[in-house]
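Dropping run39.cif in here (mmCIF, C-alpha atoms):
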data_my_file
loop_
_atom_site.label_atom_id
_atom_site.label_comp_id
_atom_site.auth_asym_id
_atom_site.auth_seq_id
_atom_site.Cartn_x
_atom_site.Cartn_y
_atom_site.Cartn_z
CA MET A 240 -179.87 -30.37 43.33
CA SER A 241 -177.41 -31.42 40.59
CA ASP A 242 -178.33 -34.10 38.10
CA PRO A 243 -176.35 -37.27 39.01
CA ALA A 244 -175.99 -38.04 35.31
CA GLN A 245 -174.08 -34.77 34.92
CA THR A 246 -171.84 -35.28 37.95
CA PRO A 247 -168.30 -36.31 36.95
CA LEU A 248 -167.16 -39.67 38.26
CA ILE A 249 -163.97 -37.98 39.50
CA ARG A 250 -163.60 -34.28 40.31
CA LEU A 251 -160.54 -32.46 41.64
CA ARG A 252 -160.90 -28.82 42.64
CA GLY A 253 -157.97 -26.70 43.73
CA VAL A 254 -156.01 -29.77 44.79
CA THR A 255 -152.56 -29.10 46.21
CA ARG A 256 -150.07 -31.55 47.67
CA VAL A 257 -147.10 -30.36 49.70
CA TYR A 258 -144.35 -32.60 51.03
CA GLY A 259 -141.83 -31.53 53.67
CA GLU A 260 -141.54 -28.22 55.50
CA GLY A 261 -139.49 -25.04 55.35
CA SER A 262 -136.51 -25.19 53.01
CA ALA A 263 -137.32 -28.88 52.27
CA GLU A 264 -140.88 -28.12 51.17
CA VAL A 265 -141.90 -29.45 47.76
CA GLN A 266 -145.17 -28.52 46.06
CA ALA A 267 -146.05 -31.58 44.00
CA LEU A 268 -149.47 -30.18 43.01
CA ARG A 269 -150.28 -26.47 42.92
CA GLY A 270 -154.08 -26.22 42.64
CA VAL A 271 -155.31 -28.77 40.12
CA ASP A 272 -158.83 -28.79 38.66
CA LEU A 273 -159.77 -31.98 36.79
CA ASP A 274 -163.03 -33.69 35.86
CA ILE A 275 -163.19 -37.27 34.57
CA ALA A 276 -166.46 -38.74 33.35
CA ALA A 277 -167.46 -42.37 33.74
CA GLY A 278 -166.26 -44.48 30.82
CA GLU A 279 -163.35 -42.26 29.76
CA PHE A 280 -159.88 -43.52 28.84
CA VAL A 281 -157.44 -40.82 29.98
CA ALA A 282 -153.66 -40.80 29.59
CA ILE A 283 -151.83 -38.65 32.14
CA MET A 284 -148.45 -37.46 30.92
CA GLY A 285 -145.65 -35.14 31.98
CA PRO A 286 -141.94 -35.09 32.87
CA SER A 287 -140.57 -36.53 36.10
CA GLY A 288 -141.63 -34.37 39.04
CA SER A 289 -144.56 -32.86 37.14
CA GLY A 290 -147.17 -34.11 39.63
CA LYS A 291 -148.80 -36.78 37.44
CA SER A 292 -148.07 -39.68 39.80
CA THR A 293 -149.10 -37.60 42.82
CA ALA A 294 -152.44 -36.85 41.16
CA MET A 295 -152.88 -40.56 40.38
CA ASN A 296 -152.10 -41.50 44.00
CA ILE A 297 -154.68 -39.04 45.29
CA ILE A 298 -157.33 -40.31 42.86
CA GLY A 299 -156.42 -43.86 43.89
CA CYS A 300 -156.85 -43.04 47.61
CA LEU A 301 -153.19 -43.89 48.23
CA ASP A 302 -152.51 -40.27 49.27
CA SER A 303 -154.55 -37.27 50.38
CA PRO A 304 -154.46 -33.65 49.20
CA SER A 305 -152.93 -31.00 51.43
CA ALA A 306 -155.75 -28.68 50.36
CA GLY A 307 -158.59 -28.67 47.87
CA ALA A 308 -161.39 -31.13 47.17
CA TYR A 309 -161.53 -34.62 45.66
CA LEU A 310 -164.98 -35.99 44.92
CA PHE A 311 -165.77 -39.51 43.73
CA ARG A 312 -169.35 -39.87 42.52
CA GLY A 313 -170.08 -36.74 44.52
CA VAL A 314 -168.60 -38.12 47.75
CA ALA A 315 -166.03 -35.84 49.38
CA VAL A 316 -163.09 -38.25 49.51
CA HIS A 317 -160.78 -35.60 50.99
CA ARG A 318 -162.93 -35.68 54.14
CA LEU A 319 -162.78 -39.47 54.57
CA ASP A 320 -160.48 -41.08 57.09
CA ARG A 321 -157.90 -43.72 56.20
CA ASP A 322 -160.25 -46.67 56.75
CA GLN A 323 -163.03 -45.08 54.70
CA ARG A 324 -160.60 -44.40 51.84
CA ALA A 325 -159.47 -48.03 52.00
CA LEU A 326 -163.09 -49.17 51.67
CA LEU A 327 -163.63 -46.91 48.66
CA ARG A 328 -160.40 -48.18 47.10
CA ARG A 329 -161.39 -51.80 47.67
CA ALA A 330 -164.91 -51.33 46.29
CA HIS A 331 -164.27 -49.17 43.23
CA LEU A 332 -160.61 -49.05 42.20
CA GLY A 333 -158.28 -51.51 40.47
CA PHE A 334 -154.52 -50.95 40.13
CA VAL A 335 -151.95 -52.03 37.55
CA PHE A 336 -148.28 -51.17 38.10
CA GLN A 337 -145.17 -51.14 35.94
CA GLY A 338 -143.53 -53.86 38.05
CA PHE A 339 -146.46 -56.35 37.91
CA ASN A 340 -146.21 -56.92 41.72
CA LEU A 341 -147.05 -60.64 41.50
CA LEU A 342 -146.17 -63.16 44.21
CA ALA A 343 -143.30 -65.16 42.71
CA ARG A 344 -144.11 -68.65 44.01
CA THR A 345 -147.86 -68.29 43.60
CA SER A 346 -149.90 -69.40 40.60
CA ALA A 347 -151.60 -66.95 38.27
CA GLN A 348 -154.98 -67.96 39.67
CA GLU A 349 -153.89 -67.50 43.28
CA ASN A 350 -152.40 -64.09 42.46
CA VAL A 351 -155.69 -63.01 40.89
CA GLU A 352 -157.69 -64.33 43.84
CA LEU A 353 -155.82 -62.20 46.41
CA PRO A 354 -158.16 -59.16 46.38
CA LEU A 355 -161.14 -61.48 46.89
CA LEU A 356 -159.34 -63.24 49.73
CA TYR A 357 -158.96 -59.87 51.46
CA ARG A 358 -162.69 -59.31 50.94
CA GLY A 359 -163.50 -62.60 52.65
CA GLU A 360 -165.06 -64.26 49.59
CA SER A 361 -165.57 -68.02 49.68
CA ALA A 362 -163.03 -70.28 47.97
CA ALA A 363 -165.57 -71.31 45.32
CA ALA A 364 -166.41 -67.69 44.51
CA ARG A 365 -162.71 -66.76 44.36
CA HIS A 366 -161.88 -69.63 42.01
CA GLN A 367 -164.74 -68.87 39.64
CA ALA A 368 -164.06 -65.12 39.51
CA ALA A 369 -160.30 -65.57 39.03
CA ARG A 370 -160.75 -68.04 36.19
CA ALA A 371 -163.18 -65.67 34.49
CA ALA A 372 -160.80 -62.70 34.92
CA LEU A 373 -157.87 -64.68 33.49
CA ALA A 374 -160.00 -65.76 30.54
CA ALA A 375 -160.98 -62.11 29.96
CA VAL A 376 -157.30 -61.19 29.51
CA GLY A 377 -156.53 -64.15 27.24
CA LEU A 378 -154.91 -66.46 29.79
CA ALA A 379 -157.40 -69.33 29.97
CA GLY A 380 -155.38 -72.49 30.48
CA ARG A 381 -152.54 -70.66 32.26
CA GLU A 382 -154.18 -70.55 35.69
CA GLY A 383 -151.59 -72.85 37.29
CA HIS A 384 -148.50 -71.10 35.91
CA THR A 385 -146.25 -69.12 38.25
CA PRO A 386 -144.81 -65.75 37.14
CA SER A 387 -141.47 -67.36 36.22
CA GLU A 388 -143.34 -69.57 33.74
CA LEU A 389 -144.95 -66.58 32.02
CA SER A 390 -143.59 -63.89 29.70
CA GLY A 391 -143.52 -60.24 30.78
CA GLY A 392 -146.64 -59.52 28.76
CA GLN A 393 -148.43 -62.49 30.30
CA GLN A 394 -147.40 -61.39 33.79
CA GLN A 395 -148.91 -57.97 33.13
CA ARG A 396 -152.09 -59.68 31.93
CA VAL A 397 -152.23 -61.53 35.25
CA ALA A 398 -151.83 -58.18 37.03
CA ILE A 399 -154.67 -56.73 34.96
CA ALA A 400 -156.85 -59.77 35.75
CA ARG A 401 -156.10 -59.22 39.44
CA ALA A 402 -157.28 -55.61 39.08
CA LEU A 403 -160.41 -56.70 37.19
CA VAL A 404 -161.49 -59.50 39.51
CA THR A 405 -163.26 -57.07 41.86
CA ASN A 406 -165.21 -55.46 38.98
CA PRO A 407 -163.75 -52.00 39.59
CA THR A 408 -165.35 -48.77 38.46
CA VAL A 409 -161.92 -47.30 37.66
CA LEU A 410 -158.72 -48.98 36.53
CA LEU A 411 -155.61 -47.00 37.48
CA ALA A 412 -152.57 -48.02 35.44
CA ASP A 413 -149.15 -46.58 36.34
CA GLU A 414 -146.71 -47.04 33.43
CA PRO A 415 -148.30 -50.42 32.60
CA THR A 416 -146.02 -51.00 29.58
CA GLY A 417 -142.81 -49.63 31.12
CA ASN A 418 -141.17 -53.07 31.50
CA LEU A 419 -142.36 -54.49 28.17
CA ASP A 420 -141.04 -54.45 24.63
CA THR A 421 -142.96 -52.55 21.97
CA GLN A 422 -145.07 -55.46 20.72
CA ARG A 423 -146.04 -56.67 24.20
CA GLY A 424 -146.76 -53.06 25.16
CA ARG A 425 -149.16 -52.69 22.25
CA GLU A 426 -150.92 -55.90 23.23
CA ILE A 427 -151.43 -54.61 26.77
CA MET A 428 -152.72 -51.27 25.45
CA GLU A 429 -155.16 -53.02 23.12
CA LEU A 430 -156.36 -55.05 26.09
CA LEU A 431 -156.89 -51.92 28.21
CA ALA A 432 -158.66 -50.15 25.35
CA GLY A 433 -160.90 -53.17 24.87
CA LEU A 434 -161.83 -53.28 28.56
CA ASN A 435 -162.69 -49.60 28.39
CA ARG A 436 -164.70 -50.03 25.19
CA ASP A 437 -166.48 -53.31 25.94
CA ARG A 438 -166.98 -53.12 29.71
CA GLY A 439 -167.19 -49.37 30.16
CA ILE A 440 -164.42 -49.37 32.76
CA THR A 441 -162.94 -45.92 33.27
CA VAL A 442 -159.19 -46.13 32.63
CA LEU A 443 -156.65 -43.64 33.95
CA MET A 444 -153.10 -44.33 32.82
CA VAL A 445 -149.86 -42.60 33.70
CA THR A 446 -147.36 -42.95 30.87
CA HIS A 447 -144.37 -41.15 29.40
CA GLU A 448 -144.71 -42.95 26.06
CA PRO A 449 -146.63 -41.07 23.32
CA ASP A 450 -147.17 -44.33 21.42
CA MET A 451 -149.03 -45.76 24.41
CA ALA A 452 -150.93 -42.53 25.14
CA ALA A 453 -152.22 -42.73 21.56
CA TYR A 454 -154.60 -45.49 22.68
CA ALA A 455 -156.39 -43.12 25.06
CA ARG A 456 -159.25 -40.87 24.03
CA ARG A 457 -158.00 -37.96 26.15
CA VAL A 458 -154.54 -36.78 27.18
CA VAL A 459 -153.91 -34.62 30.26
CA ARG A 460 -150.38 -33.24 30.53
CA PHE A 461 -148.88 -32.08 33.83
CA VAL A 462 -145.96 -29.64 34.17
CA ASP A 463 -144.64 -28.25 37.47
CA GLY A 464 -147.64 -29.40 39.50
CA LEU A 465 -150.23 -27.90 37.16
CA ILE A 466 -152.22 -29.13 34.16
CA GLU A 467 -150.56 -27.65 31.09
CA SER A 468 -152.94 -29.12 28.53
CA ASP A 469 -156.04 -31.32 28.36
CA HIS A 470 -157.27 -32.44 24.99
CA VAL A 471 -159.38 -35.10 23.30
CA GLN A 472 -157.75 -37.08 20.51
CA ALA A 473 -158.72 -39.73 18.01
CA ALA A 474 -157.74 -42.90 19.86
CA LEU A 475 -155.64 -45.54 18.10
CA VAL A 476 -158.27 -48.12 19.07
CA PRO A 477 -161.45 -46.05 18.72
CA ASN A 478 -164.57 -46.53 20.77
CA PRO A 479 -167.57 -47.43 18.63
CA ALA A 480 -169.86 -44.53 17.76
CA PRO A 481 -173.05 -44.49 19.84
CA ALA A 482 -176.09 -45.92 18.09
CA PRO A 483 -178.32 -43.22 16.62
CA ALA A 484 -181.49 -42.48 18.58
CA LYS A 485 -184.56 -44.17 17.16
CA GLU A 486 -187.26 -41.97 15.74
CA PRO A 487 -190.49 -42.14 17.73
CA ALA A 488 -193.14 -44.34 16.16
#

In structure tokens, what does this structure look like?
Amino acid sequence: MSDPAQTPLIRLRGVTRVYGEGSAEVQALRGVDLDIAAGEFVAIMGPSGSGKSTAMNIIGCLDSPSAGAYLFRGVAVHRLDRDQRALLRRAHLGFVFQGFNLLARTSAQENVELPLLYRGESAAARHQAARAALAAVGLAGREGHTPSELSGGQQQRVAIARALVTNPTVLLADEPTGNLDTQRGREIMELLAGLNRDRGITVLMVTHEPDMAAYARRVVRFVDGLIESDHVQAALVPNPAPAPAKEPA
């Protein structure tokens, strides 16, 4: 039996994804192998059509592989049905998108509470958790503001708080700085790096911006449906070195 401590949080083996049939067939992924350990911050890069977003959608249980295996904490996700994948997504995964995806006429707090509403949490529990999540992203005091009353960077912070409110194991960020200027983008990246460092949340981020990928500890590059390179780098916001083991008394 394998040691659970050595089992990757996320494992893809021989994953392919094919769309269409016959002359319209497109192979988005062509047999991808990828392991991601708990607590990593991974940037996924590649040109348009390289398969990076398809891989992210499969990991996020928004899509299923045509062939191959996807395991999450050793569970064979590729064998789960739609409802089971939805439960896994709800329990373990948080999502941040380029377009924020906030409800326009709804306050920051109400936007953040939505995932808990779907879970059936009580109003008191929702309010407390949403306020804590907004405070964690630096928006204490802005709970009653609607998206139109917030800057782009603040709106993305609300979206991150919404992803955090369920205490996810993995945060999946798809071009999270794509609609922001450079300074606001750096602020969002520092926030994501801090959540990874301080809370141990595993962060997977699709980006086409090398400046943003520099915040990650590892960069995986896709080309033509395959992983072209996978390397560890010195992150712009480094994780603290682990404390040295104490000598036995």

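The closest residue to Glu467 (chain A), picked from A:Ala371, A:Val265, A:Ile283, A:Leu378 and counting only C-alpha atoms, is A:Ile283.
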
* Gap from CA of Ser289 (chain A) to CA of Arg460 (chain A) - Å, one decimal ->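 For CA of Ser289 (chain A) relative to CA of Arg460 (chain A), the distance reads 8.8 Å.
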
* Asked: Mind telling me what the PyMOL selection byres ((chain A and resi 290-293) around 9) catches here, as a PyMOL selection string?
  -> chain A and resi 256+266-269+283-289+294-298+302+413+445+460-466

* To do: Give the answer as one residue: which of A:Asn406, A:Cys300, A:Asp450, A:Glu260 has the shortest atom-to-atom distance to Thr421 (chain A), using all atoms listed in the file?
  =>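 For Thr421 (chain A), the nearest of the candidates is A:Asp450.
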
* Ala453 (chain A) surroundings by only C-alpha atoms, 7 Å radius, close-in-sequence under 4 positions cut, as a ChimeraX atom specification -> /A:449,474-475

* To do: Would you write out, as a PyMOL selection string, every residue that the PyMOL selection byres ((chain A and resi 401-404) around 10) captures in this file?
  => chain A and resi 332-335+341+347-355+365+367-373+375-376+395-400+405-412+434+440

* To do: Work out how far apart CA of Asp320 (chain A) and CA of Ser303 (chain A) are and give it in Å to one decimal.
  =>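 Calculated distance between CA of Asp320 (chain A) and CA of Ser303 (chain A) is 9.7 Å.
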
* Asked: Which residue, A:Ala282, A:Gln323, A:Val254, A:Gly307, has the smallest gap to His447 (chain A) when you use all atoms listed in the file?
  ->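 With all atoms listed in the file as the atom set, the closest residue is A:Ala282.
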
Using all atoms listed in the file, which protein or nucleic acid residues come within 8 Å of Gly278 (chain A)? Drop anything in the same chain fewer than 4 positions from it, and give the result as a CSV table (one decimal) with C-alpha atoms, in the coordinates of the input.
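Produced file result28.csv, reproduced below:
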chain,number,residue,atom,x,y,z
A,435,ASN,CA,-162.7,-49.6,28.4
A,439,GLY,CA,-167.2,-49.4,30.2
A,440,ILE,CA,-164.4,-49.4,32.8
A,441,THR,CA,-162.9,-45.9,33.3
A,442,VAL,CA,-159.2,-46.1,32.6

What would the file be for region 422-437 of chain A if you keep all heavy atoms and write it as a tab-separated table (two decimals), in the first residue's frame?
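So result_4.tsv came out as:
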chain	number	residue	atom	x	y	z
A	422	GLN	N	0.13	47.28	-11.59
A	422	GLN	CA	0.20	47.42	-10.14
A	422	GLN	C	-0.87	46.59	-9.45
A	422	GLN	O	-0.60	45.88	-8.47
A	422	GLN	CB	0.08	48.89	-9.72
A	422	GLN	CG	0.19	49.12	-8.22
A	422	GLN	CD	1.47	48.57	-7.62
A	422	GLN	OE1	2.53	48.62	-8.25
A	422	GLN	NE2	1.39	48.00	-6.43
A	423	ARG	N	-2.11	46.67	-9.95
A	423	ARG	CA	-3.19	45.87	-9.33
A	423	ARG	C	-2.91	44.38	-9.52
A	423	ARG	O	-3.20	43.57	-8.64
A	423	ARG	CB	-4.55	46.22	-9.96
A	423	ARG	CG	-4.97	47.66	-9.85
A	423	ARG	CD	-5.27	48.13	-8.45
A	423	ARG	NE	-4.10	48.59	-7.73
A	423	ARG	CZ	-3.51	49.76	-7.94
A	423	ARG	NH1	-3.93	50.58	-8.88
A	423	ARG	NH2	-2.47	50.11	-7.22
A	424	GLY	N	-2.34	44.03	-10.67
A	424	GLY	CA	-1.99	42.63	-10.92
A	424	GLY	C	-0.97	42.12	-9.92
A	424	GLY	O	-1.09	41.01	-9.40
A	425	ARG	N	0.02	42.94	-9.63
A	425	ARG	CA	1.03	42.54	-8.64
A	425	ARG	C	0.42	42.37	-7.26
A	425	ARG	O	0.77	41.46	-6.50
A	425	ARG	CB	2.15	43.57	-8.60
A	425	ARG	CG	3.07	43.53	-9.82
A	425	ARG	CD	4.06	44.66	-9.82
A	425	ARG	NE	4.94	44.61	-10.98
A	425	ARG	CZ	5.63	45.63	-11.43
A	425	ARG	NH1	5.55	46.81	-10.83
A	425	ARG	NH2	6.41	45.49	-12.49
A	426	GLU	N	-0.51	43.25	-6.92
A	426	GLU	CA	-1.18	43.13	-5.62
A	426	GLU	C	-1.95	41.82	-5.51
A	426	GLU	O	-1.92	41.16	-4.46
A	426	GLU	CB	-2.12	44.33	-5.41
A	426	GLU	CG	-1.38	45.65	-5.22
A	426	GLU	CD	-2.32	46.85	-5.20
A	426	GLU	OE1	-3.56	46.63	-5.32
A	426	GLU	OE2	-1.84	47.98	-5.08
A	427	ILE	N	-2.64	41.45	-6.58
A	427	ILE	CA	-3.38	40.19	-6.57
A	427	ILE	C	-2.42	39.00	-6.47
A	427	ILE	O	-2.67	38.04	-5.75
A	427	ILE	CB	-4.28	40.07	-7.82
A	427	ILE	CG1	-5.40	41.11	-7.77
A	427	ILE	CG2	-4.84	38.66	-7.97
A	427	ILE	CD1	-6.31	41.01	-6.56
A	428	MET	N	-1.30	39.07	-7.19
A	428	MET	CA	-0.33	37.98	-7.13
A	428	MET	C	0.30	37.86	-5.75
A	428	MET	O	0.52	36.75	-5.25
A	428	MET	CB	0.75	38.17	-8.20
A	428	MET	CG	0.26	38.00	-9.62
A	428	MET	SD	-0.71	36.50	-9.89
A	428	MET	CE	0.40	35.26	-9.28
A	429	GLU	N	0.58	38.99	-5.11
A	429	GLU	CA	1.12	38.94	-3.75
A	429	GLU	C	0.09	38.34	-2.79
A	429	GLU	O	0.45	37.59	-1.86
A	429	GLU	CB	1.54	40.34	-3.31
A	429	GLU	CG	2.82	40.80	-4.00
A	429	GLU	CD	3.10	42.28	-3.79
A	429	GLU	OE1	2.35	42.93	-3.02
A	429	GLU	OE2	4.08	42.78	-4.38
A	430	LEU	N	-1.18	38.64	-3.03
A	430	LEU	CA	-2.24	38.06	-2.20
A	430	LEU	C	-2.29	36.54	-2.39
A	430	LEU	O	-2.34	35.78	-1.41
A	430	LEU	CB	-3.58	38.69	-2.57
A	430	LEU	CG	-4.83	38.09	-1.92
A	430	LEU	CD1	-4.75	38.18	-0.41
A	430	LEU	CD2	-6.08	38.82	-2.43
A	431	LEU	N	-2.27	36.08	-3.64
A	431	LEU	CA	-2.30	34.64	-3.90
A	431	LEU	C	-1.08	33.94	-3.31
A	431	LEU	O	-1.19	32.86	-2.71
A	431	LEU	CB	-2.38	34.37	-5.41
A	431	LEU	CG	-3.67	34.77	-6.11
A	431	LEU	CD1	-3.56	34.51	-7.61
A	431	LEU	CD2	-4.87	34.04	-5.53
A	432	ALA	N	0.09	34.55	-3.47
A	432	ALA	CA	1.31	33.97	-2.92
A	432	ALA	C	1.24	33.90	-1.40
A	432	ALA	O	1.69	32.92	-0.78
A	432	ALA	CB	2.54	34.78	-3.35
A	433	GLY	N	0.65	34.93	-0.78
A	433	GLY	CA	0.51	34.92	0.67
A	433	GLY	C	-0.45	33.85	1.16
A	433	GLY	O	-0.20	33.19	2.18
A	434	LEU	N	-1.55	33.63	0.43
A	434	LEU	CA	-2.49	32.57	0.80
A	434	LEU	C	-1.83	31.20	0.69
A	434	LEU	O	-2.04	30.32	1.52
A	434	LEU	CB	-3.73	32.64	-0.10
A	434	LEU	CG	-4.61	33.87	0.10
A	434	LEU	CD1	-5.64	33.97	-1.03
A	434	LEU	CD2	-5.31	33.85	1.45
A	435	ASN	N	-1.03	31.03	-0.34
A	435	ASN	CA	-0.29	29.78	-0.51
A	435	ASN	C	0.72	29.60	0.62
A	435	ASN	O	0.81	28.52	1.22
A	435	ASN	CB	0.41	29.80	-1.87
A	435	ASN	CG	1.41	28.67	-2.03
A	435	ASN	OD1	2.61	28.90	-1.99
A	435	ASN	ND2	0.93	27.46	-2.23
A	436	ARG	N	1.43	30.65	0.94
A	436	ARG	CA	2.49	30.58	1.95
A	436	ARG	C	1.92	30.43	3.37
A	436	ARG	O	2.36	29.59	4.14
A	436	ARG	CB	3.35	31.85	1.87
A	436	ARG	CG	4.48	31.91	2.90
A	436	ARG	CD	5.22	33.23	2.79
A	436	ARG	NE	4.34	34.35	3.13
A	436	ARG	CZ	3.97	35.30	2.26
A	436	ARG	NH1	4.39	35.27	1.02
A	436	ARG	NH2	3.18	36.29	2.67
A	437	ASP	N	0.92	31.25	3.69
A	437	ASP	CA	0.46	31.33	5.07
A	437	ASP	C	-0.63	30.31	5.41
A	437	ASP	O	-0.74	29.89	6.56
A	437	ASP	CB	-0.08	32.74	5.36
A	437	ASP	CG	0.99	33.81	5.15
A	437	ASP	OD1	2.19	33.47	5.29
A	437	ASP	OD2	0.64	34.96	4.83
